[in-house]
$ cat protein_35.csv   # CSV, C-alpha atoms
chain,number,residue,atom,x,y,z
A,1,MET,CA,-46.9,-66.2,-85.3
A,2,GLY,CA,-45.1,-67.7,-88.3
A,3,ILE,CA,-41.6,-68.9,-88.4
A,4,ASP,CA,-40.5,-66.0,-90.4
A,5,GLU,CA,-42.0,-63.5,-88.0
A,6,PHE,CA,-40.3,-65.4,-85.1
A,7,SER,CA,-37.0,-65.4,-86.8
A,8,ASP,CA,-37.3,-61.7,-87.5
A,9,LEU,CA,-38.3,-61.1,-83.9
A,10,LYS,CA,-35.4,-63.2,-82.7
A,11,SER,CA,-33.1,-61.3,-85.0
A,12,LYS,CA,-34.3,-58.0,-83.6
A,13,MET,CA,-34.0,-59.3,-80.1
A,14,ASP,CA,-30.5,-60.4,-80.7
A,15,GLY,CA,-29.7,-57.0,-82.2
A,16,PHE,CA,-31.2,-55.3,-79.2
A,17,GLN,CA,-29.3,-57.6,-76.9
A,18,THR,CA,-26.1,-56.7,-78.7
A,19,LYS,CA,-26.8,-53.0,-78.4
A,20,MET,CA,-27.6,-53.5,-74.7
A,21,ASP,CA,-24.4,-55.4,-74.2
A,22,LYS,CA,-22.4,-52.7,-75.9
A,23,PHE,CA,-24.3,-50.0,-73.9
A,24,LEU,CA,-23.7,-51.8,-70.7
A,25,GLU,CA,-20.1,-52.4,-71.5
A,26,LYS,CA,-19.6,-48.7,-72.4
A,27,SER,CA,-21.4,-47.7,-69.3
A,28,ARG,CA,-19.2,-50.0,-67.2
A,29,GLU,CA,-16.1,-48.5,-68.9
A,30,GLU,CA,-17.3,-45.0,-68.3
A,31,LEU,CA,-18.2,-45.8,-64.7
A,32,SER,CA,-14.8,-47.4,-64.2
A,33,VAL,CA,-13.1,-44.4,-65.7
A,34,LYS,CA,-15.2,-42.1,-63.5
A,35,THR,CA,-14.5,-44.2,-60.5
A,36,GLU,CA,-10.8,-44.1,-61.2
A,37,ARG,CA,-10.9,-40.4,-61.8
A,38,TYR,CA,-13.0,-40.0,-58.6
A,39,TRP,CA,-10.7,-42.0,-56.4
A,40,GLY,CA,-7.6,-40.5,-58.1
A,41,GLY,CA,-9.1,-37.0,-57.4
A,42,GLU,CA,-10.1,-38.1,-53.8
A,43,THR,CA,-6.6,-39.4,-53.1
A,44,GLU,CA,-5.2,-36.1,-54.3
A,45,LYS,CA,-7.8,-34.3,-52.2
A,46,LEU,CA,-6.9,-36.4,-49.2
A,47,ARG,CA,-3.3,-35.7,-49.6
A,48,LEU,CA,-4.1,-32.0,-50.0
A,49,ILE,CA,-6.3,-32.2,-46.9
A,50,GLU,CA,-3.5,-33.9,-44.9
A,51,THR,CA,-1.0,-31.2,-46.1
A,52,LEU,CA,-3.4,-28.5,-45.2
A,53,ARG,CA,-4.0,-30.1,-41.8
A,54,GLY,CA,-0.3,-30.2,-41.2
A,55,LYS,CA,0.0,-26.5,-42.1
A,56,LEU,CA,-2.9,-25.8,-39.8
A,57,GLU,CA,-1.2,-27.6,-37.0
A,58,GLU,CA,2.0,-25.7,-37.8
A,59,LEU,CA,0.1,-22.4,-37.8
A,60,GLU,CA,-1.6,-23.3,-34.5
A,61,THR,CA,1.8,-24.1,-33.0
A,62,ARG,CA,3.2,-20.8,-34.3
A,63,ARG,CA,0.1,-19.0,-33.0
A,64,VAL,CA,0.5,-20.5,-29.5
A,65,ASP,CA,4.2,-19.6,-29.6
A,66,LEU,CA,3.4,-16.1,-30.7
A,67,ARG,CA,0.8,-15.8,-28.0
A,68,GLU,CA,3.3,-16.9,-25.4
A,69,ASP,CA,5.9,-14.5,-26.8
A,70,PHE,CA,3.3,-11.7,-26.8
A,71,GLU,CA,2.3,-12.5,-23.2
A,72,SER,CA,5.9,-12.6,-22.2
A,73,SER,CA,6.6,-9.3,-23.9
A,74,GLN,CA,3.5,-7.9,-22.3
A,75,ARG,CA,4.7,-8.9,-18.9
A,76,GLU,CA,8.2,-7.5,-19.6
A,77,ALA,CA,6.6,-4.3,-20.9
A,78,ASN,CA,4.5,-4.1,-17.7
A,79,GLU,CA,7.5,-4.7,-15.5
A,80,ALA,CA,9.5,-2.2,-17.6
A,81,ASN,CA,6.6,0.3,-17.2
A,82,ALA,CA,6.4,-0.3,-13.5
A,83,GLN,CA,10.2,0.1,-13.2
A,84,SER,CA,9.9,3.3,-15.3
A,85,LYS,CA,7.2,4.7,-13.0
A,86,ALA,CA,9.3,3.8,-10.0
A,87,TYR,CA,12.3,5.4,-11.5
A,88,HIS,CA,10.4,8.5,-12.3
A,89,THR,CA,9.0,8.6,-8.8
A,90,LYS,CA,12.5,8.3,-7.3
A,91,LEU,CA,13.7,10.9,-9.7
A,92,GLU,CA,11.0,13.3,-8.7
A,93,LYS,CA,11.8,12.7,-5.0
A,94,LEU,CA,15.5,13.3,-5.7
A,95,LYS,CA,14.6,16.5,-7.5
A,96,GLU,CA,12.5,17.6,-4.5
A,97,GLU,CA,15.3,16.7,-2.1
A,98,ARG,CA,17.8,18.5,-4.3
A,99,ASP,CA,15.6,21.6,-4.4
A,100,PHE,CA,15.1,21.4,-0.7
A,101,LEU,CA,18.9,21.1,-0.1
A,102,ARG,CA,19.6,24.0,-2.4
A,103,LYS,CA,17.2,26.2,-0.5
A,104,GLU,CA,18.8,25.0,2.8
A,105,VAL,CA,22.3,25.8,1.4
A,106,GLU,CA,21.1,29.2,0.3
A,107,LYS,CA,19.8,29.8,3.8
A,108,LEU,CA,23.0,28.6,5.4
A,109,GLU,CA,25.0,30.8,3.1
A,110,VAL,CA,22.9,33.8,4.1
A,111,LEU,CA,23.3,32.8,7.8
A,112,LEU,CA,27.0,32.3,7.4
A,113,HIS,CA,27.3,35.7,5.7
A,114,GLU,CA,25.4,37.3,8.6
A,115,GLN,CA,27.5,35.4,11.2
A,116,ALA,CA,30.7,36.5,9.4
A,117,ARG,CA,29.5,40.1,9.6
A,118,ASP,CA,28.5,39.6,13.3
A,119,LEU,CA,32.0,38.1,14.0
A,120,GLU,CA,33.6,41.0,12.2
A,121,ARG,CA,31.6,43.5,14.3
A,122,GLU,CA,32.4,41.4,17.4
A,123,LYS,CA,36.1,41.5,16.5
A,124,GLU,CA,36.0,45.2,16.0
A,125,SER,CA,34.1,45.6,19.3
A,126,ARG,CA,36.6,43.4,21.2
A,127,GLU,CA,39.5,45.2,19.7
A,128,LEU,CA,37.9,48.5,20.8
A,129,GLN,CA,37.1,47.0,24.2
A,130,SER,CA,40.6,45.5,24.5
A,131,GLY,CA,42.0,49.0,24.1
A,132,ARG,CA,39.7,50.3,26.7
A,133,ASP,CA,40.4,47.3,29.0
A,134,GLU,CA,44.1,47.9,28.7
A,135,ALA,CA,43.7,51.5,29.6
A,136,GLU,CA,41.4,50.5,32.5
A,137,VAL,CA,43.9,47.8,33.7
A,138,GLU,CA,46.7,50.4,33.7
A,139,ALA,CA,44.4,52.7,35.7
A,140,PHE,CA,43.7,49.9,38.2
A,141,GLU,CA,47.4,49.1,38.5
A,142,LYS,CA,48.3,52.8,39.1
A,143,LEU,CA,45.4,53.4,41.4
A,144,LEU,CA,45.7,50.2,43.5
A,145,GLY,CA,49.3,49.4,43.0
A,146,LEU,CA,48.8,46.0,41.5
A,147,SER,CA,49.7,43.9,38.5
A,148,ILE,CA,47.3,41.7,36.6
A,149,SER,CA,48.1,38.4,34.9
A,150,ALA,CA,46.2,35.5,33.2
A,151,SER,CA,48.8,32.7,33.0
A,152,VAL,CA,46.0,30.1,33.5
A,153,GLN,CA,43.0,30.0,31.1
A,154,ASP,CA,39.9,31.7,32.6
A,155,VAL,CA,41.8,32.6,35.8
A,156,ILE,CA,42.9,36.2,36.5
A,157,THR,CA,45.5,36.8,39.2
A,158,PHE,CA,45.7,40.2,40.9
A,159,THR,CA,49.1,40.8,42.7
A,160,PHE,CA,49.3,43.9,44.9
A,161,THR,CA,52.7,45.3,44.1
A,162,GLY,CA,53.2,47.2,47.3
A,163,ASP,CA,52.6,44.0,49.2
A,164,SER,CA,54.4,41.3,47.2
A,165,ASN,CA,53.1,38.5,49.3
A,166,CYS,CA,49.5,39.4,48.7
A,167,TRP,CA,47.6,38.2,45.7
A,168,ILE,CA,44.2,36.7,44.7
A,169,SER,CA,43.1,34.6,41.7
A,170,LEU,CA,39.6,35.0,40.3
A,171,ASP,CA,38.1,32.1,38.3
A,172,VAL,CA,35.7,33.4,35.5
A,173,SER,CA,35.2,30.1,33.6
A,174,GLY,CA,31.7,29.4,34.9
A,175,ASP,CA,28.4,31.3,34.9
A,176,GLY,CA,29.5,33.1,38.1
A,177,TYR,CA,32.7,34.1,39.8
A,178,LYS,CA,34.8,32.0,42.1
A,179,ILE,CA,37.9,32.6,44.2
A,180,ALA,CA,40.5,30.1,42.8
A,181,ALA,CA,43.2,30.8,45.4
A,182,SER,CA,44.7,33.6,47.4
A,183,GLN,CA,47.9,34.5,49.3
A,184,PRO,CA,47.4,34.6,52.2
A,185,GLN,CA,44.5,32.1,52.2
A,186,LEU,CA,41.2,33.9,52.9
A,187,PRO,CA,38.5,32.3,55.1
A,188,HIS,CA,35.7,30.7,53.2
A,189,VAL,CA,33.2,33.3,54.5
A,190,ALA,CA,35.4,36.1,53.3
A,191,GLU,CA,35.7,34.5,49.8
A,192,LYS,CA,31.9,34.1,49.6
A,193,ASP,CA,31.4,37.8,50.6
A,194,LEU,CA,33.8,39.0,48.0
A,195,VAL,CA,32.1,36.8,45.3
A,196,ASP,CA,28.6,37.9,46.3
A,197,GLN,CA,29.7,41.5,46.2
A,198,LEU,CA,31.3,41.2,42.7
A,199,SER,CA,28.3,39.3,41.4
A,200,ALA,CA,25.9,41.9,42.7
A,201,SER,CA,27.8,45.0,41.5
A,202,ASP,CA,30.1,43.8,38.7
A,203,ASP,CA,32.4,46.6,40.0
A,204,LEU,CA,35.9,45.2,39.9
A,205,ARG,CA,37.5,48.2,41.6
A,206,VAL,CA,35.3,47.7,44.7
A,207,PHE,CA,36.2,44.0,44.6
A,208,LEU,CA,39.9,44.6,44.5
A,209,LYS,CA,39.8,47.2,47.3
A,210,SER,CA,37.9,44.8,49.5
A,211,ALA,CA,40.2,41.9,48.6
A,212,ARG,CA,43.3,43.9,49.4
A,213,SER,CA,41.9,45.0,52.7
A,214,LEU,CA,41.0,41.4,53.6
A,215,LEU,CA,44.3,40.0,52.5
A,216,LEU,CA,46.2,42.6,54.6
A,217,SER,CA,44.0,41.9,57.5
A,218,VAL,CA,44.9,38.2,57.6
A,219,SER,CA,48.5,38.5,56.6
$ encode --input "protein_35.csv" --output "structure tokens"
Amino acid sequence: MGIDEFSDLKSKMDGFQTKMDKFLEKSREELSVKTERYWGGETEKLRLIETLRGKLEELETRRVDLREDFESSQREANEANAQSKAYHTKLEKLKEERDFLRKEVEKLEVLLHEQARDLEREKESRELQSGRDEAEVEAFEKLLGLSISASVQDVITFTFTGDSNCWISLDVSGDGYKIAASQPQLPHVAEKDLVDQLSASDDLRVFLKSARSLLLSVS
């Protein structure tokens, strides 16, 4: 190779080297710009990621709180539901008791009405019987010559008017008859006979005749 050719080649090599240097410089600049852009973008992305993570943590905290609130509300709702069921059960029982009591009151009202009618009938019967008793007492007094008094409750005293010192008191408070006292005092056996006779016959006239005879016999 001649000197001219070598010089030409060297010149071409220098030109190529210059182009390569420029290309590499440009490439480095572009790479630097891209690197800056990349890291600038990455920094922004990292900040965005951190922001989003913070929001996610906040949302998770809110989710947990909401879950707890929901569970608490659910428990309160269950308790309220249970209380509501218990209230309705008690209310139904109270209604049943009220209906039962109403029926009982109605029965009692009917019973009281019937008893009132029975009492009225009994009153009328007693008034009628009282009139008959008064007439019968007057007949006894005229027939036997006696007076009848009831100064002590459930004790009837028969005083024989023709014999002022003779009287006998009959206790009618119990299931049977009993001689409460007499003037003169009758023997126990005589009192028992009189009571047995009256209990067997329920004939007061026969009792009074026998009592007068016994009283006169011991006077």
$ closest_residue --input "protein_35.csv" --among "A:Leu146, A:Cys166, A:Ala82, A:Leu91" --to "A:Arg205" --atoms "all atoms listed in the file"
A:Leu146
$ closest_residue --input "protein_35.csv" --among "A:Leu204, A:Val155, A:Ile179, A:Leu215" --to "A:Lys192" --atoms "all atoms listed in the file"
A:Ile179
$ atom_distance --input "protein_35.csv" --atom1 "atom CA of A:Leu198" --atom2 "atom CA of A:Asp175"
12.9 Å
$ closest_residue --input "protein_35.csv" --among "A:Gln185, A:Thr89, A:Ser147, A:Thr51" --to "A:Ser217" --atoms "only C-alpha atoms"
A:Gln185
$ closest_residue --input "protein_35.csv" --among "A:Pro187, A:Gly176, A:Ser219, A:Lys95" --to "A:Asp202" --atoms "all atoms listed in the file"
A:Gly176
$ atom_distance --input "protein_35.csv" --atom1 "atom CA of A:Gln115" --atom2 "atom CA of A:Glu96"
28.1 Å
$ closest_residue --input "protein_35.csv" --among "A:Ser201, A:Glu29, A:Gln153, A:Leu214" --to "A:Ile168" --atoms "all atoms listed in the file"
A:Leu214
$ atom_distance --input "protein_35.csv" --atom1 "atom CA of A:Lys178" --atom2 "atom CA of A:Ser213"
18.2 Å
$ decode --input "protein_35.csv" --residues "stretch 152-170 of chain A" --atoms "N, CA, C and O atoms" --output "PDB file, in the first residue's frame"
ATOM      1  N   VAL A 152    -130.493 -15.458 123.199  1.00  0.00           N
ATOM      2  CA  VAL A 152    -129.118 -15.895 122.925  1.00  0.00           C
ATOM      3  C   VAL A 152    -129.111 -16.549 121.546  1.00  0.00           C
ATOM      4  O   VAL A 152    -130.011 -17.324 121.203  1.00  0.00           O
ATOM      5  N   GLN A 153    -128.066 -16.242 120.741  1.00  0.00           N
ATOM      6  CA  GLN A 153    -128.001 -16.770 119.380  1.00  0.00           C
ATOM      7  C   GLN A 153    -127.986 -18.297 119.380  1.00  0.00           C
ATOM      8  O   GLN A 153    -127.221 -18.924 120.118  1.00  0.00           O
ATOM      9  N   ASP A 154    -128.825 -18.879 118.525  1.00  0.00           N
ATOM     10  CA  ASP A 154    -128.916 -20.339 118.333  1.00  0.00           C
ATOM     11  C   ASP A 154    -129.423 -21.073 119.572  1.00  0.00           C
ATOM     12  O   ASP A 154    -129.273 -22.298 119.671  1.00  0.00           O
ATOM     13  N   VAL A 155    -129.976 -20.354 120.535  1.00  0.00           N
ATOM     14  CA  VAL A 155    -130.559 -20.990 121.731  1.00  0.00           C
ATOM     15  C   VAL A 155    -132.008 -20.505 121.871  1.00  0.00           C
ATOM     16  O   VAL A 155    -132.261 -19.299 121.951  1.00  0.00           O
ATOM     17  N   ILE A 156    -132.932 -21.431 121.891  1.00  0.00           N
ATOM     18  CA  ILE A 156    -134.360 -21.105 122.018  1.00  0.00           C
ATOM     19  C   ILE A 156    -134.833 -21.515 123.420  1.00  0.00           C
ATOM     20  O   ILE A 156    -134.606 -22.662 123.846  1.00  0.00           O
ATOM     21  N   THR A 157    -135.447 -20.574 124.101  1.00  0.00           N
ATOM     22  CA  THR A 157    -135.926 -20.851 125.466  1.00  0.00           C
ATOM     23  C   THR A 157    -137.455 -20.921 125.458  1.00  0.00           C
ATOM     24  O   THR A 157    -138.129 -20.009 124.967  1.00  0.00           O
ATOM     25  N   PHE A 158    -137.950 -22.029 126.000  1.00  0.00           N
ATOM     26  CA  PHE A 158    -139.399 -22.247 126.110  1.00  0.00           C
ATOM     27  C   PHE A 158    -139.791 -22.097 127.586  1.00  0.00           C
ATOM     28  O   PHE A 158    -139.314 -22.862 128.436  1.00  0.00           O
ATOM     29  N   THR A 159    -140.630 -21.095 127.874  1.00  0.00           N
ATOM     30  CA  THR A 159    -141.097 -20.862 129.250  1.00  0.00           C
ATOM     31  C   THR A 159    -142.585 -21.192 129.318  1.00  0.00           C
ATOM     32  O   THR A 159    -143.389 -20.643 128.552  1.00  0.00           O
ATOM     33  N   PHE A 160    -142.900 -22.116 130.228  1.00  0.00           N
ATOM     34  CA  PHE A 160    -144.310 -22.535 130.379  1.00  0.00           C
ATOM     35  C   PHE A 160    -145.014 -21.504 131.262  1.00  0.00           C
ATOM     36  O   PHE A 160    -144.717 -21.384 132.456  1.00  0.00           O
ATOM     37  N   THR A 161    -145.930 -20.742 130.685  1.00  0.00           N
ATOM     38  CA  THR A 161    -146.527 -19.573 131.348  1.00  0.00           C
ATOM     39  C   THR A 161    -147.388 -19.953 132.544  1.00  0.00           C
ATOM     40  O   THR A 161    -147.544 -19.175 133.485  1.00  0.00           O
ATOM     41  N   GLY A 162    -147.965 -21.133 132.533  1.00  0.00           N
ATOM     42  CA  GLY A 162    -148.770 -21.533 133.675  1.00  0.00           C
ATOM     43  C   GLY A 162    -147.918 -21.937 134.858  1.00  0.00           C
ATOM     44  O   GLY A 162    -148.386 -21.981 135.987  1.00  0.00           O
ATOM     45  N   ASP A 163    -146.648 -22.199 134.579  1.00  0.00           N
ATOM     46  CA  ASP A 163    -145.715 -22.612 135.648  1.00  0.00           C
ATOM     47  C   ASP A 163    -144.462 -21.768 135.484  1.00  0.00           C
ATOM     48  O   ASP A 163    -143.513 -22.166 134.804  1.00  0.00           O
ATOM     49  N   SER A 164    -144.471 -20.566 136.078  1.00  0.00           N
ATOM     50  CA  SER A 164    -143.428 -19.569 135.807  1.00  0.00           C
ATOM     51  C   SER A 164    -142.028 -20.032 136.159  1.00  0.00           C
ATOM     52  O   SER A 164    -141.047 -19.484 135.669  1.00  0.00           O
ATOM     53  N   ASN A 165    -141.929 -20.980 136.988  1.00  0.00           N
ATOM     54  CA  ASN A 165    -140.601 -21.447 137.362  1.00  0.00           C
ATOM     55  C   ASN A 165    -140.079 -22.557 136.445  1.00  0.00           C
ATOM     56  O   ASN A 165    -138.980 -23.060 136.641  1.00  0.00           O
ATOM     57  N   CYS A 166    -140.863 -22.950 135.452  1.00  0.00           N
ATOM     58  CA  CYS A 166    -140.445 -24.038 134.560  1.00  0.00           C
ATOM     59  C   CYS A 166    -140.063 -23.497 133.179  1.00  0.00           C
ATOM     60  O   CYS A 166    -140.882 -22.810 132.545  1.00  0.00           O
ATOM     61  N   TRP A 167    -138.891 -23.798 132.735  1.00  0.00           N
ATOM     62  CA  TRP A 167    -138.452 -23.441 131.375  1.00  0.00           C
ATOM     63  C   TRP A 167    -137.327 -24.385 130.934  1.00  0.00           C
ATOM     64  O   TRP A 167    -136.657 -25.025 131.762  1.00  0.00           O
ATOM     65  N   ILE A 168    -137.100 -24.436 129.635  1.00  0.00           N
ATOM     66  CA  ILE A 168    -136.034 -25.278 129.078  1.00  0.00           C
ATOM     67  C   ILE A 168    -135.459 -24.572 127.851  1.00  0.00           C
ATOM     68  O   ILE A 168    -136.194 -23.982 127.046  1.00  0.00           O
ATOM     69  N   SER A 169    -134.139 -24.603 127.740  1.00  0.00           N
ATOM     70  CA  SER A 169    -133.451 -23.951 126.608  1.00  0.00           C
ATOM     71  C   SER A 169    -132.869 -25.020 125.687  1.00  0.00           C
ATOM     72  O   SER A 169    -132.156 -25.930 126.150  1.00  0.00           O
ATOM     73  N   LEU A 170    -133.123 -24.867 124.375  1.00  0.00           N
ATOM     74  CA  LEU A 170    -132.664 -25.841 123.374  1.00  0.00           C
ATOM     75  C   LEU A 170    -131.605 -25.191 122.478  1.00  0.00           C
ATOM     76  O   LEU A 170    -131.847 -24.169 121.842  1.00  0.00           O
TER      77      LEU A 170
END
